[in-house]
>>> print(open('final_33.txt').read())   # compact mmCIF, C-alpha atoms and all ligand atoms
# COMPACT_ATOMS: atom_id res chain seq x y z
CA MET A 23 65.22 -38.46 158.61
CA THR A 24 64.59 -34.78 157.84
CA PRO A 25 61.99 -33.50 160.29
CA LEU A 26 58.88 -31.90 158.83
CA LEU A 27 59.44 -28.74 160.83
CA HIS A 28 62.48 -27.57 162.70
CA THR A 29 63.05 -24.18 164.30
CA LYS A 30 66.61 -23.20 165.06
CA SER A 31 67.28 -20.51 167.69
CA LEU A 32 63.98 -18.91 166.74
CA SER A 33 63.43 -15.65 168.62
CA VAL A 34 60.76 -12.97 168.41
CA ALA A 35 61.13 -9.52 169.94
CA PHE A 36 58.30 -6.96 169.81
CA GLU A 37 59.24 -3.29 169.76
CA THR A 38 56.81 -1.44 172.03
CA PRO A 39 56.70 2.09 173.47
CA ASP A 40 57.76 0.61 176.82
CA GLY A 41 60.74 -1.25 175.39
CA VAL A 42 61.46 -4.57 173.72
CA VAL A 43 59.30 -7.57 174.65
CA HIS A 44 61.24 -10.83 174.23
CA ALA A 45 58.27 -13.08 173.53
CA VAL A 46 60.13 -16.07 172.07
CA GLN A 47 63.77 -16.81 172.87
CA ASP A 48 66.10 -19.24 171.15
CA VAL A 49 63.49 -21.88 170.52
CA ASN A 50 64.59 -25.16 168.94
CA LEU A 51 61.50 -27.18 168.19
CA THR A 52 61.18 -30.23 165.97
CA ILE A 53 57.97 -31.75 164.61
CA GLN A 54 58.13 -35.06 162.76
CA ALA A 55 55.66 -35.75 159.95
CA GLY A 56 52.33 -37.18 161.07
CA THR A 57 52.85 -36.53 164.80
CA THR A 58 51.17 -34.23 167.34
CA VAL A 59 53.26 -31.89 169.47
CA GLY A 60 51.47 -30.18 172.36
CA LEU A 61 52.72 -26.70 173.24
CA VAL A 62 51.77 -25.74 176.79
CA GLY A 63 52.57 -23.00 179.28
CA GLU A 64 50.95 -20.17 181.20
CA SER A 65 49.25 -17.24 179.51
CA GLY A 66 51.80 -14.87 177.98
CA SER A 67 54.57 -17.46 177.73
CA GLY A 68 54.86 -16.96 173.95
CA LYS A 69 52.94 -19.94 172.55
CA SER A 70 50.85 -18.03 170.00
CA THR A 71 53.81 -15.88 169.01
CA LEU A 72 55.84 -19.01 168.30
CA GLY A 73 53.01 -20.47 166.20
CA ARG A 74 52.66 -17.28 164.22
CA ALA A 75 56.41 -16.84 163.80
CA ILE A 76 56.53 -20.19 162.00
CA LEU A 77 54.06 -18.87 159.43
CA ARG A 78 55.45 -15.33 159.44
CA LEU A 79 52.08 -14.03 160.57
CA LEU A 80 53.38 -11.42 162.98
CA PRO A 81 52.70 -7.67 163.15
CA GLU A 82 55.20 -5.11 161.86
CA ASN A 83 56.70 -4.42 165.28
CA ALA A 84 57.97 -8.02 165.55
CA LYS A 85 61.62 -8.73 164.89
CA VAL A 86 62.29 -12.39 164.13
CA THR A 87 65.73 -14.01 164.27
CA GLY A 88 66.84 -17.61 163.84
CA SER A 89 65.46 -20.03 161.25
CA VAL A 90 62.43 -22.13 160.44
CA PHE A 91 63.05 -25.17 158.27
CA PHE A 92 60.06 -26.84 156.67
CA ASP A 93 60.79 -30.08 154.83
CA GLY A 94 64.44 -29.10 155.04
CA LYS A 95 63.89 -25.73 153.35
CA ASP A 96 64.64 -22.45 155.11
CA LEU A 97 61.39 -20.46 155.08
CA ALA A 98 63.26 -17.16 155.47
CA ALA A 99 64.52 -17.65 151.91
CA LEU A 100 60.95 -17.64 150.52
CA SER A 101 59.48 -14.55 148.86
CA ALA A 102 56.30 -13.06 150.32
CA LYS A 103 54.34 -14.69 147.49
CA ALA A 104 55.89 -18.12 148.00
CA MET A 105 55.12 -17.80 151.71
CA ARG A 106 51.48 -16.99 150.94
CA ASP A 107 51.27 -20.08 148.75
CA LEU A 108 52.78 -22.20 151.48
CA ARG A 109 50.29 -20.93 154.06
CA GLY A 110 47.16 -22.96 153.75
CA ARG A 111 48.64 -25.27 151.16
CA ASN A 112 51.50 -26.80 153.20
CA ILE A 113 51.00 -25.36 156.67
CA ALA A 114 47.53 -24.34 157.85
CA MET A 115 46.55 -22.59 161.06
CA ILE A 116 43.32 -22.54 163.06
CA PHE A 117 42.50 -20.20 165.91
CA GLN A 118 40.38 -20.14 169.03
CA ASP A 119 37.56 -18.19 167.47
CA PRO A 120 36.52 -19.36 163.99
CA MET A 121 34.30 -16.29 163.60
CA THR A 122 37.41 -14.17 163.12
CA ARG A 123 38.23 -16.13 159.96
CA LEU A 124 34.76 -16.73 158.54
CA ASP A 125 33.06 -13.96 156.62
CA PRO A 126 29.70 -13.35 158.37
CA LEU A 127 28.09 -12.19 155.12
CA MET A 128 28.98 -15.22 153.04
CA ARG A 129 27.39 -18.64 152.84
CA ILE A 130 29.68 -21.52 153.78
CA ARG A 131 29.74 -22.81 150.18
CA ASP A 132 30.99 -19.46 148.88
CA GLN A 133 33.68 -19.21 151.54
CA PHE A 134 35.04 -22.54 150.37
CA ILE A 135 34.92 -21.53 146.72
CA GLU A 136 36.75 -18.32 147.50
CA THR A 137 39.42 -20.10 149.54
CA ILE A 138 40.02 -22.66 146.80
CA ARG A 139 40.22 -20.01 144.10
CA ALA A 140 42.61 -17.86 146.11
CA HIS A 141 45.13 -20.66 145.66
CA ASP A 142 43.99 -21.85 142.25
CA PRO A 143 41.90 -19.37 140.22
CA THR A 144 41.30 -21.89 137.41
CA VAL A 145 39.00 -24.12 139.49
CA GLU A 146 35.34 -23.93 138.38
CA ALA A 147 32.70 -23.16 141.01
CA LYS A 148 31.13 -26.60 140.55
CA GLU A 149 34.37 -28.46 141.14
CA ALA A 150 35.19 -26.22 144.10
CA GLY A 151 31.79 -27.08 145.58
CA GLN A 152 32.51 -30.78 145.20
CA ARG A 153 35.87 -30.42 146.90
CA ALA A 154 34.17 -28.58 149.74
CA LEU A 155 31.62 -31.37 150.14
CA LYS A 156 34.37 -33.95 150.41
CA VAL A 157 36.31 -32.19 153.19
CA LEU A 158 33.08 -31.33 155.02
CA ALA A 159 32.15 -35.02 154.98
CA ASP A 160 35.57 -35.79 156.45
CA VAL A 161 34.83 -33.55 159.44
CA ARG A 162 31.25 -34.90 159.61
CA VAL A 163 29.48 -31.66 158.73
CA PRO A 164 26.13 -32.44 157.05
CA SER A 165 25.99 -31.18 153.47
CA ASP A 166 22.97 -28.92 154.08
CA ARG A 167 25.23 -26.62 156.13
CA MET A 168 26.84 -25.49 152.88
CA GLY A 169 23.98 -23.09 152.21
CA MET A 170 24.07 -21.50 155.66
CA TYR A 171 25.71 -18.37 157.03
CA PRO A 172 28.26 -18.66 159.88
CA HIS A 173 25.89 -17.21 162.52
CA GLU A 174 23.39 -20.01 161.79
CA LEU A 175 25.89 -22.60 162.98
CA SER A 176 26.99 -23.68 166.46
CA GLY A 177 30.52 -22.99 167.71
CA GLY A 178 31.52 -26.62 167.32
CA MET A 179 30.15 -26.73 163.78
CA ARG A 180 32.04 -23.56 162.88
CA GLN A 181 35.29 -24.99 164.20
CA ARG A 182 34.71 -28.15 162.14
CA ILE A 183 34.23 -25.96 159.09
CA MET A 184 37.51 -24.15 159.80
CA ILE A 185 39.25 -27.51 160.04
CA ALA A 186 37.64 -28.59 156.77
CA MET A 187 38.97 -25.45 155.09
CA CYS A 188 42.43 -26.32 156.32
CA LEU A 189 42.11 -29.78 154.78
CA LEU A 190 41.34 -28.48 151.28
CA PHE A 191 44.99 -28.51 150.26
CA ASN A 192 46.07 -31.43 152.38
CA PRO A 193 48.67 -29.52 154.42
CA ALA A 194 51.49 -31.49 156.03
CA LEU A 195 51.24 -29.41 159.20
CA LEU A 196 48.33 -27.86 161.06
CA ILE A 197 49.03 -25.28 163.75
CA ALA A 198 46.00 -25.28 166.06
CA ASP A 199 46.08 -22.35 168.51
CA GLU A 200 43.64 -23.07 171.36
CA PRO A 201 41.21 -24.55 168.83
CA THR A 202 38.74 -25.76 171.45
CA THR A 203 39.08 -23.23 174.27
CA ALA A 204 35.81 -21.52 173.36
CA LEU A 205 33.90 -24.83 173.35
CA ASP A 206 32.46 -26.90 176.17
CA VAL A 207 34.35 -30.00 177.31
CA ILE A 208 32.28 -32.49 175.34
CA LEU A 209 32.68 -30.61 172.07
CA GLU A 210 36.35 -30.08 172.90
CA ALA A 211 36.97 -33.81 173.11
CA GLN A 212 34.92 -34.43 169.95
CA ILE A 213 36.91 -31.91 167.94
CA LEU A 214 40.21 -33.38 169.08
CA GLU A 215 39.10 -36.90 168.34
CA LEU A 216 38.11 -35.69 164.93
CA LEU A 217 41.50 -34.07 164.44
CA GLN A 218 43.17 -37.31 165.38
CA ALA A 219 41.11 -39.30 162.91
CA ILE A 220 41.86 -36.81 160.15
CA MET A 221 45.58 -36.71 160.90
CA GLY A 222 45.89 -40.35 159.96
CA ARG A 223 43.81 -40.01 156.81
CA TYR A 224 45.62 -36.88 155.62
CA ASN A 225 49.02 -37.85 157.03
CA MET A 226 49.12 -34.50 158.78
CA ALA A 227 51.17 -33.31 161.75
CA VAL A 228 49.63 -31.01 164.38
CA LEU A 229 51.13 -28.40 166.66
CA LEU A 230 48.48 -28.21 169.38
CA ILE A 231 48.72 -25.01 171.41
CA THR A 232 46.66 -25.24 174.58
CA HIS A 233 46.34 -24.47 178.29
CA ASN A 234 44.74 -27.84 178.80
CA LEU A 235 47.27 -30.39 180.01
CA GLY A 236 44.65 -33.14 179.97
CA LEU A 237 44.14 -32.71 176.25
CA VAL A 238 47.87 -32.84 175.65
CA ALA A 239 48.24 -35.98 177.75
CA GLU A 240 45.53 -37.62 175.69
CA PHE A 241 46.31 -36.43 172.20
CA ALA A 242 49.96 -35.39 171.85
CA ASP A 243 52.92 -37.63 171.02
CA ARG A 244 55.33 -35.07 172.41
CA VAL A 245 55.05 -32.05 174.69
CA ALA A 246 56.95 -28.77 174.70
CA VAL A 247 56.61 -26.74 177.89
CA MET A 248 57.08 -23.04 177.38
CA TYR A 249 58.00 -20.56 180.09
CA ALA A 250 58.74 -16.86 179.55
CA GLY A 251 59.57 -17.33 175.88
CA HIS A 252 61.81 -20.36 176.37
CA ILE A 253 61.14 -24.07 175.97
CA ALA A 254 61.84 -25.33 179.50
CA GLU A 255 61.34 -29.01 178.72
CA GLU A 256 60.48 -31.04 175.63
CA GLY A 257 59.98 -34.76 175.28
CA ALA A 258 57.72 -37.73 174.64
CA THR A 259 54.36 -37.27 176.39
CA VAL A 260 54.14 -40.38 178.56
CA PRO A 261 57.54 -40.17 180.32
CA LEU A 262 57.24 -36.40 180.66
CA PHE A 263 53.90 -36.62 182.42
CA ARG A 264 55.02 -39.59 184.49
CA GLU A 265 58.18 -37.87 185.68
CA PRO A 266 58.53 -34.19 184.85
CA PHE A 267 62.12 -32.99 185.25
CA HIS A 268 62.04 -29.21 185.03
CA PRO A 269 60.80 -27.58 188.27
CA TYR A 270 58.41 -25.49 186.17
CA THR A 271 56.90 -28.56 184.52
CA GLN A 272 56.61 -30.15 187.95
CA GLY A 273 54.72 -27.09 189.21
CA LEU A 274 52.52 -26.95 186.13
CA LEU A 275 51.50 -30.60 186.50
CA ARG A 276 50.85 -30.14 190.21
CA SER A 277 48.56 -27.20 189.36
CA VAL A 278 46.05 -29.70 188.00
CA ILE A 279 43.62 -30.54 190.80
CA ASP A 280 44.69 -33.49 192.90
CA LEU A 281 41.74 -35.84 193.39
CA ASP A 282 43.23 -37.45 196.49
CA THR A 283 43.77 -34.28 198.48
CA GLU A 284 41.27 -32.03 196.66
CA ALA A 285 43.90 -29.33 197.02
CA LEU A 286 44.54 -26.91 194.23
CA TYR A 287 48.20 -26.09 194.01
CA SER A 288 49.53 -23.09 192.17
CA ILE A 289 53.12 -22.09 191.56
CA PRO A 290 53.96 -19.20 193.91
CA GLY A 291 54.68 -15.84 192.30
CA SER A 292 53.91 -14.91 188.72
CA PRO A 293 55.73 -15.11 185.39
CA PRO A 294 58.29 -12.36 184.71
CA THR A 295 57.57 -9.51 182.37
CA LEU A 296 59.27 -10.19 179.08
CA LEU A 297 60.28 -6.55 178.79
CA GLY A 298 64.00 -5.95 178.35
CA ALA A 299 66.87 -8.41 178.23
CA THR A 300 66.85 -11.20 180.80
CA VAL A 301 69.81 -12.95 182.35
CA GLY A 302 69.80 -16.39 183.90
CA CYS A 303 66.85 -18.74 184.15
CA PRO A 304 63.51 -16.86 183.97
CA PHE A 305 61.99 -19.32 186.46
CA TYR A 306 64.65 -18.50 189.08
CA PRO A 307 62.50 -16.25 191.32
CA ARG A 308 59.74 -18.87 191.59
CA CYS A 309 61.86 -21.99 191.72
CA GLU A 310 62.06 -24.12 194.88
CA LYS A 311 65.33 -25.67 193.74
CA ARG A 312 67.18 -22.59 192.55
CA MET A 313 70.94 -22.32 192.80
CA ASP A 314 73.28 -19.37 192.43
CA VAL A 315 74.27 -20.21 188.87
CA CYS A 316 70.62 -20.02 187.74
CA LYS A 317 70.58 -16.33 188.49
CA THR A 318 73.26 -15.34 186.03
CA VAL A 319 73.50 -17.79 183.12
CA TYR A 320 70.60 -19.30 181.18
CA PRO A 321 70.78 -23.13 181.28
CA GLU A 322 71.09 -24.44 177.72
CA PRO A 323 68.66 -27.34 177.13
CA ARG A 324 70.39 -30.71 177.40
CA PRO A 325 69.24 -34.31 176.86
CA VAL A 326 68.23 -35.85 180.20
CA GLY A 327 67.00 -39.29 181.24
CA GLU A 328 66.41 -42.48 179.30
CA ASP A 329 64.12 -40.74 176.84
CA ARG A 330 66.78 -38.03 176.26
CA ARG A 331 64.36 -35.25 176.96
CA ALA A 332 65.56 -31.69 176.37
CA VAL A 333 65.63 -29.95 179.76
CA ALA A 334 66.84 -26.40 180.36
CA CYS A 335 67.82 -26.72 184.02
CA TYR A 336 71.08 -26.92 185.99
CA LEU A 337 69.72 -29.72 188.17
CA TYR A 338 70.56 -32.14 185.39
P1 LIG B 1 47.90 -17.07 175.95
O1 LIG B 1 47.98 -18.42 176.62
O2 LIG B 1 47.27 -16.05 176.81
O3 LIG B 1 47.32 -17.15 174.56
P2 LIG B 1 50.57 -17.03 174.79
O4 LIG B 1 51.45 -18.03 175.45
O5 LIG B 1 49.97 -17.38 173.49
O6 LIG B 1 49.44 -16.57 175.82
P3 LIG B 1 51.60 -14.73 173.40
O7 LIG B 1 50.30 -14.23 172.95
O8 LIG B 1 52.49 -15.38 172.40
O9 LIG B 1 51.44 -15.68 174.66
O10 LIG B 1 52.37 -13.49 174.03
C1 LIG B 1 53.72 -13.56 174.48
C2 LIG B 1 54.17 -12.19 174.95
O11 LIG B 1 54.28 -11.31 173.82
C3 LIG B 1 53.21 -11.50 175.91
O12 LIG B 1 53.99 -10.81 176.87
C4 LIG B 1 52.46 -10.53 175.03
O13 LIG B 1 52.04 -9.41 175.77
C5 LIG B 1 53.53 -10.14 174.02
N1 LIG B 1 52.97 -9.74 172.71
C6 LIG B 1 52.21 -10.50 171.88
N2 LIG B 1 51.90 -9.83 170.76
C7 LIG B 1 52.47 -8.61 170.88
C8 LIG B 1 52.52 -7.44 170.04
N3 LIG B 1 51.92 -7.42 168.85
N4 LIG B 1 53.20 -6.36 170.51
C9 LIG B 1 53.81 -6.39 171.70
N5 LIG B 1 53.82 -7.46 172.53
C10 LIG B 1 53.15 -8.54 172.14
MG MG B 2 48.00 -17.58 172.82
>>> encode(input="final_33.txt", output="structure tokens")
Amino acid sequence: MTPLLHTKSLSVAFETPDGVVHAVQDVNLTIQAGTTVGLVGESGSGKSTLGRAILRLLPENAKVTGSVFFDGKDLAALSAKAMRDLRGRNIAMIFQDPMTRLDPLMRIRDQFIETIRAHDPTVEAKEAGQRALKVLADVRVPSDRMGMYPHELSGGMRQRIMIAMCLLFNPALLIADEPTTALDVILEAQILELLQAIMGRYNMAVLLITHNLGLVAEFADRVAVMYAGHIAEEGATVPLFREPFHPYTQGLLRSVIDLDTEALYSIPGSPPTLLGATVGCPFYPRCEKRMDVCKTVYPEPRPVGEDRRAVACYLY
């Protein structure tokens, strides 16, 4: 079966005055239609850059190599216009702060009308309004919110409205970059439950980018663990959480507070700077199980265990 999304050796390098930052390196990531993939890893590991690279939403100083296949089609072959059409229509993206995408001077109804018309200028205002009402009902936003301005709404309500805007064109994939980080834990869970309910109804896949391992454990079918621009480990959620293979994943899971000991573990050291070319495994300096080979040659990800998880580590 052709996967919905497949990245092949996708790399992103930013040119900066200090040198080249290798933010994403040789990432092979597959998302099947209708499934949720959680993308986790410490701050600066390249999660947002990977999400944006898929949609070609990167600044000018970014150099992208490798390929992104969506529905079997190579996105690099698309013109800038075709890519704009695809964004929103086939692949939508939501961000941590919905205020950055909502126009503070426009009522919610008008923002919907404008979004719909950007893709299809022939739609009448009345019909656009009806379409907006339908998607807002799907995310359980009361219809009276249509006449309000963004600042009149709570953070959770605004994020629901962003999700509703994404649903307008029934995209096959939603990239959600820390969509609930700015919300409290109760709202966070509500928004994710909502996403899950919608996924089924709209037959939509989700790439869920988050720091929160608990959310991933609860909501994702598969998990990709990112470290220093690489995917260290990728596999089905339940076996990966039950028995993490990569020493970095093991450390990351141990960093969640242990209720038995009340101890808070953290991986010693800090992530490497992504400046300049790296050799060997980027986790080498922090790894308890490092070997000589790790220092010089990057371990290509290989299928490990019964669930054939992709693990980039010489231990396996
Ligand atoms: P966080 O969890 O904090 O959101 P992240 O995993 O999303 O982090 P990215 O934002 O993708 O990480 O950043 C990856 C690396 O790329 C970082 O070292 C960051 O400083 C660098 N980077 C991101 N954008 C740019 C840019 N426009 N120019 C130069 N470097 C950049
Ligand atoms: Mg980020």
>>> residues_around(input="final_33.txt", residues="Tyr224 (chain A)", least_positions_apart="4", cutoff="9 Å", atoms="only C-alpha atoms", output="PyMOL selection string")
chain A and resi 56+189+192-194+219-220
>>> residues_around(input="final_33.txt", residues="Pro294 (chain A)", least_positions_apart="3", cutoff="12 Å", atoms="all atoms listed in the file", output="mmCIF file with C-alpha atoms, in the coordinates of the input")
data_model
loop_
_atom_site.group_PDB
_atom_site.id
_atom_site.type_symbol
_atom_site.label_atom_id
_atom_site.label_comp_id
_atom_site.auth_asym_id
_atom_site.auth_seq_id
_atom_site.Cartn_x
_atom_site.Cartn_y
_atom_site.Cartn_z
ATOM 1 C CA VAL A 43 59.300 -7.570 174.650
ATOM 2 C CA HIS A 44 61.240 -10.830 174.230
ATOM 3 C CA ALA A 45 58.270 -13.080 173.530
ATOM 4 C CA GLU A 64 50.950 -20.170 181.200
ATOM 5 C CA SER A 65 49.250 -17.240 179.510
ATOM 6 C CA GLY A 66 51.800 -14.870 177.980
ATOM 7 C CA SER A 67 54.570 -17.460 177.730
ATOM 8 C CA TYR A 249 58.000 -20.560 180.090
ATOM 9 C CA ALA A 250 58.740 -16.860 179.550
ATOM 10 C CA GLY A 251 59.570 -17.330 175.880
ATOM 11 C CA GLY A 291 54.680 -15.840 192.300
ATOM 12 C CA LEU A 297 60.280 -6.550 178.790
ATOM 13 C CA GLY A 298 64.000 -5.950 178.350
ATOM 14 C CA ALA A 299 66.870 -8.410 178.230
ATOM 15 C CA THR A 300 66.850 -11.200 180.800
ATOM 16 C CA VAL A 301 69.810 -12.950 182.350
ATOM 17 C CA CYS A 303 66.850 -18.740 184.150
ATOM 18 C CA PRO A 304 63.510 -16.860 183.970
ATOM 19 C CA PHE A 305 61.990 -19.320 186.460
ATOM 20 C CA TYR A 306 64.650 -18.500 189.080
ATOM 21 C CA PRO A 307 62.500 -16.250 191.320
ATOM 22 C CA ARG A 308 59.740 -18.870 191.590
#
>>> residues_near_point(input="final_33.txt", point="(61.6, -8.3, 159.7)", cutoff="12 Å", atoms="all atoms listed in the file", output="short mmCIF file (atom, residue, chain, number, x, y, z; two decimals) with C-alpha atoms, in the frame of the given file")
data_model
loop_
_atom_site.label_atom_id
_atom_site.label_comp_id
_atom_site.auth_asym_id
_atom_site.auth_seq_id
_atom_site.Cartn_x
_atom_site.Cartn_y
_atom_site.Cartn_z
CA SER A 33 63.43 -15.65 168.62
CA VAL A 34 60.76 -12.97 168.41
CA ALA A 35 61.13 -9.52 169.94
CA PHE A 36 58.30 -6.96 169.81
CA GLU A 37 59.24 -3.29 169.76
CA ALA A 75 56.41 -16.84 163.80
CA ARG A 78 55.45 -15.33 159.44
CA LEU A 79 52.08 -14.03 160.57
CA LEU A 80 53.38 -11.42 162.98
CA PRO A 81 52.70 -7.67 163.15
CA GLU A 82 55.20 -5.11 161.86
CA ASN A 83 56.70 -4.42 165.28
CA ALA A 84 57.97 -8.02 165.55
CA LYS A 85 61.62 -8.73 164.89
CA VAL A 86 62.29 -12.39 164.13
CA THR A 87 65.73 -14.01 164.27
CA GLY A 88 66.84 -17.61 163.84
CA ALA A 98 63.26 -17.16 155.47
CA ALA A 102 56.30 -13.06 150.32
#
>>> residues_around(input="final_33.txt", residues="Leu275 (chain A)", least_positions_apart="6", cutoff="12 Å", atoms="all atoms listed in the file", output="ChimeraX atom specification")
/A:62-64,233-236,238-239,247,262-269,286-289
>>> residues_near_ligand(input="final_33.txt", ligand="ligand MG 2 (chain B)", cutoff="8 Å", atoms="only C-alpha atoms and all ligand atoms", output="MDAnalysis selection string")
chainID A and resid 65:66 68:71 199:200 231:232
>>> atom_distance(input="final_33.txt", atom1="atom O7 of ligand LIG 1 (chain B)", atom2="CA of Leu209 (chain A)")
24.1 Å
>>> residues_around(input="final_33.txt", residues="Leu32 (chain A)", least_positions_apart="3", cutoff="7 Å", atoms="only C-alpha atoms", output="list in words")
Thr29, Gln47, Asp48, Val49, Asn50, Thr87, Gly88 and Ser89 of chain A
>>> axis_aligned_box(input="final_33.txt", around="ligand LIG 1 (chain B)", padding_each_side="8 Å", output="lines of an AutoDock Vina configuration file")
center_x = 50.8
center_y = -12.4
center_z = 172.9
size_x = 23.0
size_y = 28.1
size_z = 24.0
>>> closest_residue(input="final_33.txt", among="A:Arg276, A:His252, A:Arg129, A:Arg162", to="ligand LIG 1 (chain B)", atoms="all atoms listed in the file")
A:His252
>>> atom_distance(input="final_33.txt", atom1="CA of Ile113 (chain A)", atom2="CA of Lys156 (chain A)")
19.7 Å
>>> atom_distance(input="final_33.txt", atom1="CA of Glu149 (chain A)", atom2="CA of Asn225 (chain A)")
23.6 Å
>>> closest_residue(input="final_33.txt", among="A:Lys30, A:Arg74, A:Arg106, A:Arg244", to="ligand LIG 1 (chain B)", atoms="all atoms listed in the file")
A:Arg74
>>> closest_residue(input="final_33.txt", among="A:Leu229, A:Ile130, A:Ala147, A:Thr295", to="ligand LIG 1 (chain B)", atoms="all atoms listed in the file")
A:Thr295
>>> residues_around(input="final_33.txt", residues="Glu240 (chain A)", least_positions_apart="6", cutoff="10 Å", atoms="only C-alpha atoms", output="ChimeraX atom specification")
/A:211,214-215,259-260
>>> write_last_selection(input="final_33.txt", atoms="C-alpha atoms", output="mmCIF file, in the frame of the given file")
data_model
loop_
_atom_site.group_PDB
_atom_site.id
_atom_site.type_symbol
_atom_site.label_atom_id
_atom_site.label_comp_id
_atom_site.auth_asym_id
_atom_site.auth_seq_id
_atom_site.Cartn_x
_atom_site.Cartn_y
_atom_site.Cartn_z
ATOM 1 C CA ALA A 211 36.970 -33.810 173.110
ATOM 2 C CA LEU A 214 40.210 -33.380 169.080
ATOM 3 C CA GLU A 215 39.100 -36.900 168.340
ATOM 4 C CA THR A 259 54.360 -37.270 176.390
ATOM 5 C CA VAL A 260 54.140 -40.380 178.560
#
>>> closest_residue(input="final_33.txt", among="A:Leu61, A:Val90, A:Ile138, A:Val207", to="ligand LIG 1 (chain B)", atoms="all atoms listed in the file")
A:Leu61
>>> decode(input="final_33.txt", residues="region 149-160 of chain A", atoms="N, CA, C and O atoms", output="PDB file, in the first residue's frame")
ATOM      1  N   GLU A 149     -22.556  30.804   1.285  1.00  0.00           N
ATOM      2  CA  GLU A 149     -22.169  29.397   1.293  1.00  0.00           C
ATOM      3  C   GLU A 149     -20.918  29.182   2.149  1.00  0.00           C
ATOM      4  O   GLU A 149     -20.823  28.208   2.896  1.00  0.00           O
ATOM      5  N   ALA A 150     -19.985  30.131   2.052  1.00  0.00           N
ATOM      6  CA  ALA A 150     -18.767  30.035   2.872  1.00  0.00           C
ATOM      7  C   ALA A 150     -19.138  30.029   4.349  1.00  0.00           C
ATOM      8  O   ALA A 150     -18.592  29.249   5.139  1.00  0.00           O
ATOM      9  N   GLY A 151     -20.089  30.894   4.722  1.00  0.00           N
ATOM     10  CA  GLY A 151     -20.536  30.953   6.113  1.00  0.00           C
ATOM     11  C   GLY A 151     -21.133  29.631   6.568  1.00  0.00           C
ATOM     12  O   GLY A 151     -20.902  29.179   7.689  1.00  0.00           O
ATOM     13  N   GLN A 152     -21.887  28.991   5.662  1.00  0.00           N
ATOM     14  CA  GLN A 152     -22.482  27.698   6.025  1.00  0.00           C
ATOM     15  C   GLN A 152     -21.417  26.609   6.209  1.00  0.00           C
ATOM     16  O   GLN A 152     -21.501  25.796   7.129  1.00  0.00           O
ATOM     17  N   ARG A 153     -20.416  26.662   5.320  1.00  0.00           N
ATOM     18  CA  ARG A 153     -19.325  25.686   5.472  1.00  0.00           C
ATOM     19  C   ARG A 153     -18.603  25.896   6.803  1.00  0.00           C
ATOM     20  O   ARG A 153     -18.213  24.946   7.473  1.00  0.00           O
ATOM     21  N   ALA A 154     -18.411  27.163   7.154  1.00  0.00           N
ATOM     22  CA  ALA A 154     -17.741  27.472   8.423  1.00  0.00           C
ATOM     23  C   ALA A 154     -18.545  26.922   9.598  1.00  0.00           C
ATOM     24  O   ALA A 154     -17.992  26.307  10.511  1.00  0.00           O
ATOM     25  N   LEU A 155     -19.868  27.105   9.553  1.00  0.00           N
ATOM     26  CA  LEU A 155     -20.717  26.620  10.638  1.00  0.00           C
ATOM     27  C   LEU A 155     -20.598  25.119  10.808  1.00  0.00           C
ATOM     28  O   LEU A 155     -20.578  24.597  11.921  1.00  0.00           O
ATOM     29  N   LYS A 156     -20.501  24.419   9.692  1.00  0.00           N
ATOM     30  CA  LYS A 156     -20.425  22.963   9.758  1.00  0.00           C
ATOM     31  C   LYS A 156     -19.129  22.501  10.439  1.00  0.00           C
ATOM     32  O   LYS A 156     -19.159  21.673  11.348  1.00  0.00           O
ATOM     33  N   VAL A 157     -17.985  23.074  10.015  1.00  0.00           N
ATOM     34  CA  VAL A 157     -16.727  22.622  10.641  1.00  0.00           C
ATOM     35  C   VAL A 157     -16.642  23.092  12.096  1.00  0.00           C
ATOM     36  O   VAL A 157     -16.094  22.381  12.942  1.00  0.00           O
ATOM     37  N   LEU A 158     -17.215  24.260  12.388  1.00  0.00           N
ATOM     38  CA  LEU A 158     -17.189  24.720  13.783  1.00  0.00           C
ATOM     39  C   LEU A 158     -18.017  23.791  14.671  1.00  0.00           C
ATOM     40  O   LEU A 158     -17.650  23.507  15.805  1.00  0.00           O
ATOM     41  N   ALA A 159     -19.137  23.292  14.123  1.00  0.00           N
ATOM     42  CA  ALA A 159     -19.939  22.342  14.897  1.00  0.00           C
ATOM     43  C   ALA A 159     -19.140  21.061  15.139  1.00  0.00           C
ATOM     44  O   ALA A 159     -19.211  20.466  16.215  1.00  0.00           O
ATOM     45  N   ASP A 160     -18.348  20.664  14.153  1.00  0.00           N
ATOM     46  CA  ASP A 160     -17.538  19.454  14.309  1.00  0.00           C
ATOM     47  C   ASP A 160     -16.508  19.573  15.423  1.00  0.00           C
ATOM     48  O   ASP A 160     -16.105  18.577  16.015  1.00  0.00           O
TER      49      ASP A 160
END
